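S.K.: One structure coming up, written as structure tokens, with questions to follow.
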Amino acid sequence: MPLPGSYAHLSSTAHTRFESLCAIRGRLRTTHRQALDGTAHALRAGSMDPAIPARHLLYLDLSAREPLVAIAVGNLDTATHVTWQLSGTGIRARNALWGSVREAGQLYLEQQRVGIDSPAVVAWLGYRSPNMPGALLNFSARRGVKILQRDLETFTSLRPDGPHVALEAHSYAATLAAQVLDSQAGSTVRIQALATIGSAGIPGYLSRRPSRLKVPEERIYEAIAPGDRLAWWGRLLSGRGLMGSQSFNIAAMPEWGLHAVSGHNTSQMTEANPLGPRGYRDPGTTSLRNLALITTGQRPLG
């Protein structure tokens with residue numbers, strides 16, 4: 001039996017609840033069935049790269065119309081380095097859960113490639129991400145701050161030994177990440193690194209005062225791919241700014257066998273078109289390699 005006060009116990013409880021929901025699947029609303037099915041697919045052995053270890057459900061919240069889910073790749077009770085991977089506009093539990101968990105698994109494997117024996121990555125879809133028009137406002141991020149703050153506080157209480165903790169945020173999630181970091185006054189949560197990709201910007205009052213993020217400035221990085229027009233338009237129309245932090249390389253590095261990324265998506269590569277365009281979190285990219293380095297407290301390449 002998992003010990004109370006551990007992630008193993010928390011996950012066991014979440015799985016029991018998940019199984020009870022599966023038993024009444026036919027009585028659930030469509031969005032809830034979609035999230036339930038996505039959770040089942042993400043947790044199923046053999047549903048993704050077999051090198052990715054077993055996934056652990058932290059919660060599946062169906063209390064509102066929009067389902068909220070968090071799933072961990074790796075052992076949160078023993079991990080030395082933990083990354084919370086946050087996704088942006090339009091990425092929700094009911095439509096992108098399996099892909100989000102696979103991306104967490106890809107980051108996990110890349111962190112192992114850069115020398116971390118025991119990482120863990122949380123695919124966090126714990127807020128109602130906005131649609132395109134809503135991404136110009138900060139309302140979704142503000143609603144998500146309390147939930148992410150709660151989950152980070154839970155992590156701190158269950159892991160008082162203080163492993164390395166990082167946030168990795170794509171697109172609109174950079175706004176969420178910045179606001180949750182700004183809310184850390186009086187909190188026991190300590191975030192040691194922040195990496196944003198395809199950021200649509202953060203509120204101006206934070207972009208002008210990055211010290212409010214309470215992350216060492218030398219551990220704050222951002223990257224925007226060539227042709228990422230959504231990130232550019234998002235900043236222009238919303239009036240948000242960039243963090244003024246260090247940029248990290250996402251161009252091709254042939255000497256390392258690494259590919260460039262382009263556009264706004266996190267995943268673009270397909271088995272049918274291995275030479276096609278690649279997204280920020282696709283395997284074999286300079287972007288994913290550098291995300292693994294940054295989120296584990298190391299310096300990126302290039």
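How things are named: the first chain in the structure tokens is A, the next is B, and so on; residues count from 1 in each chain; ligands count from 1 in the order shown.
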Could you go through region 190-240 of chain A and tell me which residues DSSP, when run on the backbone, assigns to helix (DSSP H, G or I), listing them as a list in words?
M.R.: Gly204, Tyr205, Leu206, Ser207, Pro210, Ser211, Arg212, Leu213, Glu217, Glu218, Arg219, Arg229, Leu230, Ala231, Trp232, Trp233, Gly234, Arg235, Leu236, Leu237 and Ser238 of chain A
S.K.: Contacts between region 134-148 of chain A and region 205-268 of chain A, please, where a residue of region 205-268 of chain A counts if it comes within 12 Å (with only C-alpha atoms); show its shortest atom pair and distance in Å to one decimal, rows by chain and ascending number, as JSON lines.
M.R.:
{"residue": "A:Leu230", "atom": "CA", "partner": "A:Ala135", "partner_atom": "CA", "distance": 10.5}
{"residue": "A:Ala231", "atom": "CA", "partner": "A:Ala135", "partner_atom": "CA", "distance": 10.6}
{"residue": "A:Trp232", "atom": "CA", "partner": "A:Leu136", "partner_atom": "CA", "distance": 11.8}
{"residue": "A:Trp233", "atom": "CA", "partner": "A:Leu136", "partner_atom": "CA", "distance": 9.5}
{"residue": "A:Gly234", "atom": "CA", "partner": "A:Leu136", "partner_atom": "CA", "distance": 6.4}
{"residue": "A:Arg235", "atom": "CA", "partner": "A:Leu136", "partner_atom": "CA", "distance": 8.2}
{"residue": "A:Leu236", "atom": "CA", "partner": "A:Leu136", "partner_atom": "CA", "distance": 9.3}
{"residue": "A:Leu237", "atom": "CA", "partner": "A:Leu136", "partner_atom": "CA", "distance": 6.7}
{"residue": "A:Ser238", "atom": "CA", "partner": "A:Leu136", "partner_atom": "CA", "distance": 4.7}
{"residue": "A:Gly239", "atom": "CA", "partner": "A:Leu136", "partner_atom": "CA", "distance": 8.4}
{"residue": "A:Arg240", "atom": "CA", "partner": "A:Leu136", "partner_atom": "CA", "distance": 8.8}
S.K.: Compile the contact shell of Val180 (chain A) as a PyMOL selection string: residues with an atom at most 7 Å away, counting only C-alpha atoms, same-chain residues fewer than 4 positions apart removed.
M.R.: chain A and resi 145+149+176+184
S.K.: Filtering to C-alpha atoms, could you give me those residues as a tab-separated table (two decimals), in the first residue's frame?
M.R.:
chain	number	residue	atom	x	y	z
A	145	VAL	CA	-2.82	30.79	-11.09
A	149	GLN	CA	-0.17	27.53	-7.05
A	176	LEU	CA	0.30	31.86	-16.63
A	184	GLN	CA	5.00	33.46	-4.74
S.K.: When distances are computed from only C-alpha atoms, which of A:Met243, A:Val121, A:Leu152, A:Leu181 shows the smallest separation from Ser100 (chain A)?
M.R.: A:Val121
S.K.: Pick out each residue of region 41-284 of chain A that DSSP on the backbone tags as strand (DSSP E or B); I need them as a PyMOL selection string.
M.R.: chain A and resi 55-61+68-73+81-86+119-125+164-170+193-197+202+220-223+241+246-247+253+258-259+270+273
S.K.: In terms of the shortest atom-to-atom distance over only C-alpha atoms, which of A:Tyr127, A:Phe248, A:Tyr205, A:Trp256 is closest to Arg65 (chain A)?
M.R.: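 Under the stated criterion, the closest residue is A:Tyr127.
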S.K.: Which polymer residues have any atom within 12 Å of an atom of Pro4 (chain A), counting only C-alpha atoms, with same-chain residues fewer than 6 positions away left out, as an mmCIF file with C-alpha atoms, in the first residue's frame?
M.R.:
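After the write, out.cif holds the following:
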data_model
loop_
_atom_site.group_PDB
_atom_site.id
_atom_site.type_symbol
_atom_site.label_atom_id
_atom_site.label_comp_id
_atom_site.auth_asym_id
_atom_site.auth_seq_id
_atom_site.Cartn_x
_atom_site.Cartn_y
_atom_site.Cartn_z
ATOM 1 C CA LEU A 10 -2.183 10.547 -4.186
ATOM 2 C CA SER A 11 -1.934 8.823 -7.558
ATOM 3 C CA SER A 12 -3.495 5.611 -6.240
ATOM 4 C CA THR A 13 -6.462 7.607 -4.982
ATOM 5 C CA ASP A 77 8.395 10.840 -4.831
ATOM 6 C CA LEU A 158 5.097 16.150 -0.273
#
S.K.: Do a neighbour search on region 85-94 of chain A at 7 Å with only C-alpha atoms, toss out local chain neighbours closer than 4 positions, and write the hits as a PDB file with C-alpha atoms, in the first residue's frame.
M.R.:
ATOM      1  CA  THR A  31     -16.291  16.948 -22.802  1.00  0.00           C
ATOM      2  CA  GLN A  34     -13.312  13.036 -24.112  1.00  0.00           C
ATOM      3  CA  ALA A  35     -11.022  13.800 -21.153  1.00  0.00           C
ATOM      4  CA  GLY A  38      -7.703  10.803 -23.336  1.00  0.00           C
ATOM      5  CA  PRO A  67     -12.088  18.975 -17.478  1.00  0.00           C
ATOM      6  CA  LEU A  68      -8.757  19.572 -15.735  1.00  0.00           C
ATOM      7  CA  VAL A  69      -6.004  16.946 -15.617  1.00  0.00           C
ATOM      8  CA  ALA A 104       6.207  15.356 -21.190  1.00  0.00           C
ATOM      9  CA  VAL A 121       7.814  15.798 -15.829  1.00  0.00           C
ATOM     10  CA  VAL A 122       4.225  16.804 -15.121  1.00  0.00           C
ATOM     11  CA  ALA A 123       1.924  17.341 -18.097  1.00  0.00           C
ATOM     12  CA  TRP A 124      -0.229  20.017 -16.486  1.00  0.00           C
ATOM     13  CA  LEU A 125      -3.578  20.800 -18.094  1.00  0.00           C
ATOM     14  CA  ARG A 128      -9.019  26.253 -19.003  1.00  0.00           C
ATOM     15  CA  SER A 129      -6.654  27.542 -21.635  1.00  0.00           C
ATOM     16  CA  PRO A 130      -8.143  30.292 -23.806  1.00  0.00           C
ATOM     17  CA  ASN A 131      -9.240  30.186 -27.418  1.00  0.00           C
ATOM     18  CA  MET A 132      -7.549  32.548 -29.862  1.00  0.00           C
ATOM     19  CA  ALA A 135      -5.504  34.634 -25.548  1.00  0.00           C
ATOM     20  CA  LEU A 167       8.601  25.480 -15.283  1.00  0.00           C
ATOM     21  CA  GLU A 168       8.464  25.040 -19.064  1.00  0.00           C
ATOM     22  CA  ALA A 169       5.706  27.023 -20.750  1.00  0.00           C
ATOM     23  CA  HIS A 170       4.524  27.238 -24.341  1.00  0.00           C
ATOM     24  CA  SER A 171       2.600  30.092 -25.928  1.00  0.00           C
ATOM     25  CA  TYR A 172      -0.071  31.622 -23.653  1.00  0.00           C
ATOM     26  CA  ALA A 173       1.166  29.487 -20.760  1.00  0.00           C
TER      27      ALA A 173
END
